[in-house]
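Enquirer: The structure that follows is given in the form of structure tokens.
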Amino acid sequence: MVTRNSPVTVLPGVGKVKASAYAKLGIVTLGDLILHYPRAYENRAEIRELADARHDGKSALILTVGSDPKVVRLRSHKSFLKFKAFDDSGVCEITYFNQDYLKSVFPVGSIFRFWGKVERKGKRFLLSSPVAEPWAPGITLPPLCAVYRLTDGISLKQISKDVETALELLKNEELSDPLPRELIEKHHFLPLSVAEEHLHRPLGKDDLEEARRRLVYQEFFDFSLGMAFMRRKTTATTAPVCRVESLDPLLSLLPYRLTGAQERVISEIRADLAVPTPMSRMIVGDVGSGKTICAAAAVWMVVQNGRQAALMAPTEILARQHYADLSALFSRLGVRVALLLGATPAAEKRRIRTALVSKNPQDRVHLVIGTHALLSEGVEFAAPGLVVADEQHRFGARQRAALAEKGQNTHLLVMSATPIPRSLALILYGDLSLSKLDELPPGRQRVDTFVVDEIYRERLYEFMHRQLAEGGQIYVVCPAIEEEETAPDEVDFTGLFDSEPSKPPLKAAVTFAAELEKYFPETRVGFLHGKLKSVQKEAIMNSFVGGDIGILVSTTVIEVGVNVPNASLMIVENAERFGLSQLHQLRGRVGRGLRKSYCVLVTGGNSDRLGEHSKERLNVMRTTYDGFAIAEEDLKQRGPGDFLASSSAETVRQSGELSLRLGNLAQDALLLSEASQDAANLLAIDPALNNHPLLVDRITTVTGNLIS
């Protein structure tokens with residue numbers, strides 16, 4: 001009997017070679033194939049005439065074959081097949097390459113729905129290798145055709161055929177729905193199996209939206225249950241009690257007074273450490289709000305109780321900055337600090353690891369600072385007490401748990417420079433308590449913000465020249481790495497048939513960097529993006545920090561980054577494409593030194609053509625500097641996606657926090673909230689899910705065994 005656990009090799013035409021290719025996509029069984037959801041859809045419902053075919057994408061056309069197909073063979077042993085087809089508006093020449101067998105498929109007079117990109121050469125219409133589906137009055141062809149993520153050896157035609165076959169084979173399988181019946185009825189959800197079929201083979205917009213709503217809710221519901229179980233597991237364990245009489249020895253060394261917010265947060269940390277329940281707390285605050293000194297206070301408290309601490313940063317350069325700041329402070333207090341990186345020489349690594357597990361407190365390292373190297377084998381602690389993770393959204397729950405387990409029930413403190421509304425934090429980071437640093441230290445300069453369009457380009461270049469001449473440095477952020485590869489023939493899950501005004505092209509970092517090199521020949525222009533290797537990123541950022549690079553062109557990879565006090569100007573291209581919280585994070589990269597700093601938001605094209613929502617969003621950035629106020633506004637306007645550093649779910653997948661196959665945090669805020677509340681209500685009635693064994697199995701798998 002064929003089931004979801006059957007290997008993909010049960011599908012006709014799928015042998016070892018195809019199975020190996022599918023495995024690259026994480027598809028081993030038929031169940032995996034069904035869960036490989038479409039990434040977009042081709043909208044073939046809108047039939048156009050040849051004369052009205054799209055020039056910027058593919059079109060669906062009903063054409064009659066008007067000439068016998070002819071095969072032309074080339075000396076290179078290649079061939080092409082040609083014939084003509086027509087509608088009331090014109091005649092089109094259709095070509096297929098190396099597909100001689102199609103000659104008998106297109107007899108004169110037959111009618112097909114063709115899908116492809118129509119090219120015009122003079123008065124001629126040309127169509128190359130289109131998809132062809134036989135058409136006749138009364139025949140209903142699918143209006144929406146799924147587009148899947150592919151890999152070498154798996155074509156769209158192959159995966160579409162295999163998904164169709166798998167759905168047919170599994171039709172008779174009894175699939176138990178893991179969602180409680182009362183929730184299915186409450187939200188009027190489709191059964192799970194029906195939702196999956198409609199997602200792959202939608203008969204229209206309503207089909208697709210109902211299917212997607214059910215499946216996105218399921219993802220969020222599973223995640224919310226997993227986070228609740230994880231928090232329960234944490235609170236059921238014990239951690240060392242760390243009490244101190246006074247923090248004066250540490251605070252007296254600071255050249256400034258703590259803000260009221262810092263004092264409040266340190267008090268919350270102090271209360272957490274004073275009890276045997278492991279602390280699981282997140283400090284949230286703007287860049288420059290003083291998160292690091294709060295973490296330093298936590299480190300001081302555990303060290304005074306004979307315990308050790310670890311601080312993990314997302315990049316080596318940020319880890320080095322933490323080491324420079326904290327070792328200078330703690331060395332005056334007799335606290336031994338070590339830096340452990342992937343690049344640390346082997347002999348030094350061995351020395352640090354030995355010092356971390358030393359039974360003699362006099363030889364022991366009290367605080368180790370590093371990157372993911374702290375998660376490597378061989379890094380152990382003699383007296384673990386605290387784990388600190390900087391830039392929370394770069395580390396998922398799995399990484400937090402792995403680091404915490406190094407110390408066997410240590411206290412955990414994570415930091416995020418993304419102000420986030422408490423309601424959203426409770427949903428996304430339900431295993432963490434929240435501390436807000438909503439007050440900037442006195443004397444910190446405001447970064448004046450301006451919104452301009454392409455008309456101001458020359459004036460902007462003049463302003464950049466002045467900043468460079470005065471010794472400042474400049475960030476330029478672009479939304480794309482290379483020229484945008486538009487796919488107007490594909491539609492995503494939302495706004496399926498909405499007509500939107502054409503958007504200006506994205507400013508591409510690679511071409512813009514070359515353009516700036518011509519405008520600023522006396523200045524070194526650096527180029528940074530997420531596809532570079534870590535070593536390359538570190539080298540470029542080090543050059544920028546050291547002042548060798550005057551202009552750093554980057555994608556949003558620098559959104560969470562290092563302290564460059566000399567950087568005085570942030571330019572964001574296509575600013576209308578970014579969310580408020582992301583723009584606020586980018587603005588926080590400058591204004592960190594004594595220089596007066598500026599942020600210029602450049603809109604693509606003419607600003608008069610911007611939509612009202614974009615204008616409103618950019619005006620908020622121009623007039624508002626409170627990160628938490630911006631976060632609340634962003635939550636209202638766009639939903640929660642931006643609070644994980646990107647409006648796409650991809651960053652979330654990379655973080656290991658919330659692995660989404662289908663959901664979009666920026667668009668599905670309501671479903672996220674409903675699923676979270678329903679999960680909480682269910683656990684209040686059935687805390688161990690004894691009456692819902694299918695849910696236990698599902699969330700254990702979906703959340704990556706976080707709750708096991």
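Numbering starts fresh at 1 for the residues of each chain in the structure tokens, the chains themselves are lettered A, B, ... in the order given, and ligands are numbered from 1 as they appear.
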Neighbouring residues of Gly285 in chain A were defined as those with any atom within 10 Å, considering only C-alpha atoms; residues of the same chain fewer than 5 positions away were excluded. Please report them as a list in words.

Expert: Ala261, Gly290, Lys291, Met415, Ser416, Ala417, Thr418, Pro419, Ile420, Ser435, Lys436, Leu437, Asp438, Glu439, Leu440, Gly627 and Phe628 of chain A

Enquirer: Restricting the output to C-alpha atoms, write the selected residues as an mmCIF file, in the first residue's frame.

Expert:
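Result went into part.cif, see below:
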data_model
loop_
_atom_site.group_PDB
_atom_site.id
_atom_site.type_symbol
_atom_site.label_atom_id
_atom_site.label_comp_id
_atom_site.auth_asym_id
_atom_site.auth_seq_id
_atom_site.Cartn_x
_atom_site.Cartn_y
_atom_site.Cartn_z
ATOM 1 C CA ALA A 261 15.728 52.046 31.740
ATOM 2 C CA GLY A 290 23.067 50.394 26.540
ATOM 3 C CA LYS A 291 22.313 46.694 26.241
ATOM 4 C CA MET A 415 19.968 40.901 23.263
ATOM 5 C CA SER A 416 18.272 42.436 20.242
ATOM 6 C CA ALA A 417 18.720 45.852 18.662
ATOM 7 C CA THR A 418 15.295 45.564 17.044
ATOM 8 C CA PRO A 419 12.626 47.308 19.150
ATOM 9 C CA ILE A 420 9.679 44.957 19.141
ATOM 10 C CA SER A 435 13.096 43.680 29.095
ATOM 11 C CA LYS A 436 12.793 46.987 27.234
ATOM 12 C CA LEU A 437 15.498 49.635 27.020
ATOM 13 C CA ASP A 438 13.310 52.491 25.855
ATOM 14 C CA GLU A 439 15.558 55.369 26.877
ATOM 15 C CA LEU A 440 18.721 56.523 25.097
ATOM 16 C CA GLY A 627 12.391 52.909 18.005
ATOM 17 C CA PHE A 628 9.464 51.486 19.948
#

Enquirer: Just the residues within 8 Å of range 192-195 of chain A, please, counting only C-alpha atoms, with nothing from its chain fewer than 2 positions along; format it as a PyMOL selection string.

Expert: chain A and resi 175+177+190+197-199+210-212+214-215

Enquirer: Find the spatial neighbours of range 79-83 of chain A, counting only C-alpha atoms, within a cut-off of 12 Å - ignore same-chain residues fewer than 5 positions away - and output them as a PDB file with C-alpha atoms, in the first residue's frame.

Expert:
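Once everything was written out, this is part_38.pdb:
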ATOM      1  CA  LEU A  63      -4.087  30.095 -30.958  1.00  0.00           C
ATOM      2  CA  THR A  64      -5.029  27.926 -33.916  1.00  0.00           C
ATOM      3  CA  VAL A  65      -2.251  26.021 -35.698  1.00  0.00           C
ATOM      4  CA  GLY A  66      -2.035  27.458 -39.236  1.00  0.00           C
ATOM      5  CA  SER A  67       0.801  25.513 -40.897  1.00  0.00           C
ATOM      6  CA  ASP A  68       2.363  22.057 -40.780  1.00  0.00           C
ATOM      7  CA  PRO A  69       5.274  21.870 -38.327  1.00  0.00           C
ATOM      8  CA  LYS A  70       8.646  21.538 -40.063  1.00  0.00           C
ATOM      9  CA  VAL A  71      11.868  20.217 -38.548  1.00  0.00           C
ATOM     10  CA  VAL A  72      15.134  21.883 -39.502  1.00  0.00           C
ATOM     11  CA  ARG A  73      18.344  20.021 -38.672  1.00  0.00           C
ATOM     12  CA  LEU A  74      21.606  21.829 -38.031  1.00  0.00           C
ATOM     13  CA  VAL A  91       0.012  35.370 -36.823  1.00  0.00           C
ATOM     14  CA  CYS A  92       2.775  33.970 -34.609  1.00  0.00           C
ATOM     15  CA  GLU A  93       5.815  31.853 -35.506  1.00  0.00           C
ATOM     16  CA  ILE A  94       6.325  29.162 -32.843  1.00  0.00           C
ATOM     17  CA  THR A  95       9.653  27.374 -32.350  1.00  0.00           C
ATOM     18  CA  TYR A  96      10.668  24.342 -30.261  1.00  0.00           C
ATOM     19  CA  PHE A  97      14.301  23.247 -29.979  1.00  0.00           C
ATOM     20  CA  ASN A  98      15.444  19.602 -30.111  1.00  0.00           C
ATOM     21  CA  GLN A  99      11.890  18.301 -29.723  1.00  0.00           C
ATOM     22  CA  ASP A 100      11.223  16.640 -33.080  1.00  0.00           C
ATOM     23  CA  TYR A 101       8.611  14.358 -31.517  1.00  0.00           C
ATOM     24  CA  LEU A 102       6.251  17.338 -31.219  1.00  0.00           C
ATOM     25  CA  LYS A 103       5.765  17.372 -34.991  1.00  0.00           C
ATOM     26  CA  SER A 104       2.693  15.157 -34.726  1.00  0.00           C
ATOM     27  CA  VAL A 105       1.238  17.071 -31.774  1.00  0.00           C
ATOM     28  CA  PHE A 106       0.270  20.201 -33.705  1.00  0.00           C
ATOM     29  CA  PRO A 107      -1.881  19.304 -36.760  1.00  0.00           C
ATOM     30  CA  VAL A 108      -3.221  22.206 -38.807  1.00  0.00           C
ATOM     31  CA  GLY A 109      -6.498  23.483 -37.376  1.00  0.00           C
ATOM     32  CA  LEU A 126       7.568  35.056 -32.191  1.00  0.00           C
ATOM     33  CA  LEU A 127       7.011  32.466 -29.462  1.00  0.00           C
ATOM     34  CA  SER A 128       9.842  30.197 -28.304  1.00  0.00           C
ATOM     35  CA  SER A 129       9.236  26.831 -26.540  1.00  0.00           C
TER      36      SER A 129
END

Enquirer: For His36 in chain A, which of A:Val265, A:Ile139, A:Ile159, A:Leu682 is the closest residue, counting only C-alpha atoms?

Expert: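 The answer is A:Ile159, which sits nearest to His36 in chain A.
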
Enquirer: For Cys478 in chain A, which residue among A:Glu185, A:Glu576, A:Glu458, A:Asp162 is the nearest when counting only C-alpha atoms?

Expert: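 Once distances to Cys478 in chain A are computed over only C-alpha atoms, the minimum belongs to A:Glu576.
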
Enquirer: With only C-alpha atoms as the counted atoms, please give the residues lying no more than 12 Å from Leu11 in chain A, apart from itself and same-chain residues fewer than 6 positions off, as number ranges by chain.

Expert: A: 2-3, 18-19, 28-30, 33, 158-159, 161-170

Enquirer: Find the residues around Pro255 in chain A up to 12 Å (only C-alpha atoms counted), leave out those fewer than 6 positions away in its own chain, and share them as a CSV table (one decimal) with all heavy atoms, in the first residue's frame.

Expert:
chain,number,residue,atom,x,y,z
A,293,ILE,N,26.1,47.0,28.7
A,293,ILE,CA,26.4,47.2,30.1
A,293,ILE,C,25.4,46.4,31.0
A,293,ILE,O,25.8,45.9,32.1
A,293,ILE,CB,26.4,48.7,30.5
A,293,ILE,CG1,27.1,48.9,31.8
A,293,ILE,CG2,25.0,49.3,30.5
A,293,ILE,CD1,28.5,48.3,31.9
A,329,LEU,N,37.1,46.7,30.7
A,329,LEU,CA,36.3,47.0,31.9
A,329,LEU,C,36.6,46.0,33.0
A,329,LEU,O,36.9,46.3,34.1
A,329,LEU,CB,34.8,47.0,31.5
A,329,LEU,CG,33.9,47.2,32.7
A,329,LEU,CD1,34.0,48.6,33.4
A,329,LEU,CD2,32.4,47.0,32.2
A,441,PRO,N,20.8,57.0,26.2
A,441,PRO,CA,21.7,57.8,27.1
A,441,PRO,C,21.7,59.2,26.7
A,441,PRO,O,21.6,59.6,25.5
A,441,PRO,CB,23.1,57.1,26.9
A,441,PRO,CG,22.8,55.7,26.4
A,441,PRO,CD,21.6,55.9,25.5

Enquirer: Could you please determine the separation between CA of Ile630 in chain A and CA of Gln582 in chain A in Å, to one decimal place?

Expert: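 Straight-line distance from CA of Ile630 in chain A to CA of Gln582 in chain A works out to 10.0 Å.
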
Enquirer: Show which residues sit within 9 Å of Pro143 in chain A, as a list in words. Count only C-alpha atoms, and ignore same-chain residues fewer than 4 positions away.

Expert: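 After dropping sequence-adjacent residues, the list is Glu42, Asn43, Arg44, Ala45, Glu46, Pro202, Leu203 and Gly204 of chain A.
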
Enquirer: Find the residues around Ile551 in chain A up to 9 Å (only C-alpha atoms counted), leave out those fewer than 3 positions away in its own chain, and share them as an NGL selection string.

Expert: :A and (468 or 473-476 or 513 or 516 or 523-527 or 544)

Enquirer: Could you please take those selected residues and save N, CA and C atoms as a short mmCIF file (atom, residue, chain, number, x, y, z; two decimals), in the first residue's frame?

Expert:
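Saved to result20.cif:
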data_model
loop_
_atom_site.label_atom_id
_atom_site.label_comp_id
_atom_site.auth_asym_id
_atom_site.auth_seq_id
_atom_site.Cartn_x
_atom_site.Cartn_y
_atom_site.Cartn_z
N LEU A 468 32.80 63.14 2.86
CA LEU A 468 34.10 62.49 2.71
C LEU A 468 35.24 63.47 2.92
N GLN A 473 32.63 58.82 6.83
CA GLN A 473 32.46 57.63 6.00
C GLN A 473 30.98 57.41 5.72
N ILE A 474 30.70 56.65 4.65
CA ILE A 474 29.32 56.57 4.16
C ILE A 474 28.91 55.12 3.94
N TYR A 475 27.70 54.80 4.41
CA TYR A 475 27.04 53.55 4.07
C TYR A 475 26.06 53.82 2.92
N VAL A 476 26.02 52.94 1.94
CA VAL A 476 24.99 52.98 0.90
C VAL A 476 24.35 51.59 0.86
N ALA A 513 27.84 50.11 -7.01
CA ALA A 513 29.20 50.25 -6.48
C ALA A 513 30.15 50.69 -7.59
N LEU A 516 29.55 54.36 -8.35
CA LEU A 516 30.12 55.26 -7.35
C LEU A 516 31.64 55.36 -7.47
N THR A 523 38.18 58.00 -3.68
CA THR A 523 37.72 57.27 -2.49
C THR A 523 37.61 55.78 -2.78
N ARG A 524 38.05 54.96 -1.85
CA ARG A 524 37.91 53.52 -2.01
C ARG A 524 36.46 53.13 -1.70
N VAL A 525 35.84 52.43 -2.65
CA VAL A 525 34.46 51.98 -2.48
C VAL A 525 34.46 50.48 -2.20
N GLY A 526 33.86 50.08 -1.10
CA GLY A 526 33.76 48.67 -0.76
C GLY A 526 32.40 48.11 -1.13
N PHE A 527 32.31 46.79 -1.26
CA PHE A 527 31.07 46.14 -1.69
C PHE A 527 30.84 44.92 -0.81
N PHE A 544 36.52 48.86 6.49
CA PHE A 544 35.64 50.01 6.70
C PHE A 544 35.83 50.58 8.11
#

Enquirer: Could you find all residues in range 260-455 of chain A that DSSP calls strand (DSSP E) from the backbone, and write them as a ChimeraX atom specification?

Expert: /A:280-285,308-312,337-340,367-370,384-389,411-416,433-437,448-452

Enquirer: What does the distance from CA of Asp453 in chain A to CA of Asn574 in chain A come to in Å, to one decimal?

Expert: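 These two atoms are separated by 9.0 Å.
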
Enquirer: As an exercise, work out the distance from CA of Leu367 in chain A to CA of Arg444 in chain A in Å and give it to one decimal place.

Expert: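 CA of Leu367 in chain A sits 29.1 Å away from CA of Arg444 in chain A.
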
Enquirer: Hey, which of A:Val337, A:Met541, A:Ile699, A:Glu245 ends up closest to Met230 in chain A? Count only C-alpha atoms.

Expert: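 Residue with the minimum atom-to-atom distance to Met230 in chain A: A:Ile699.
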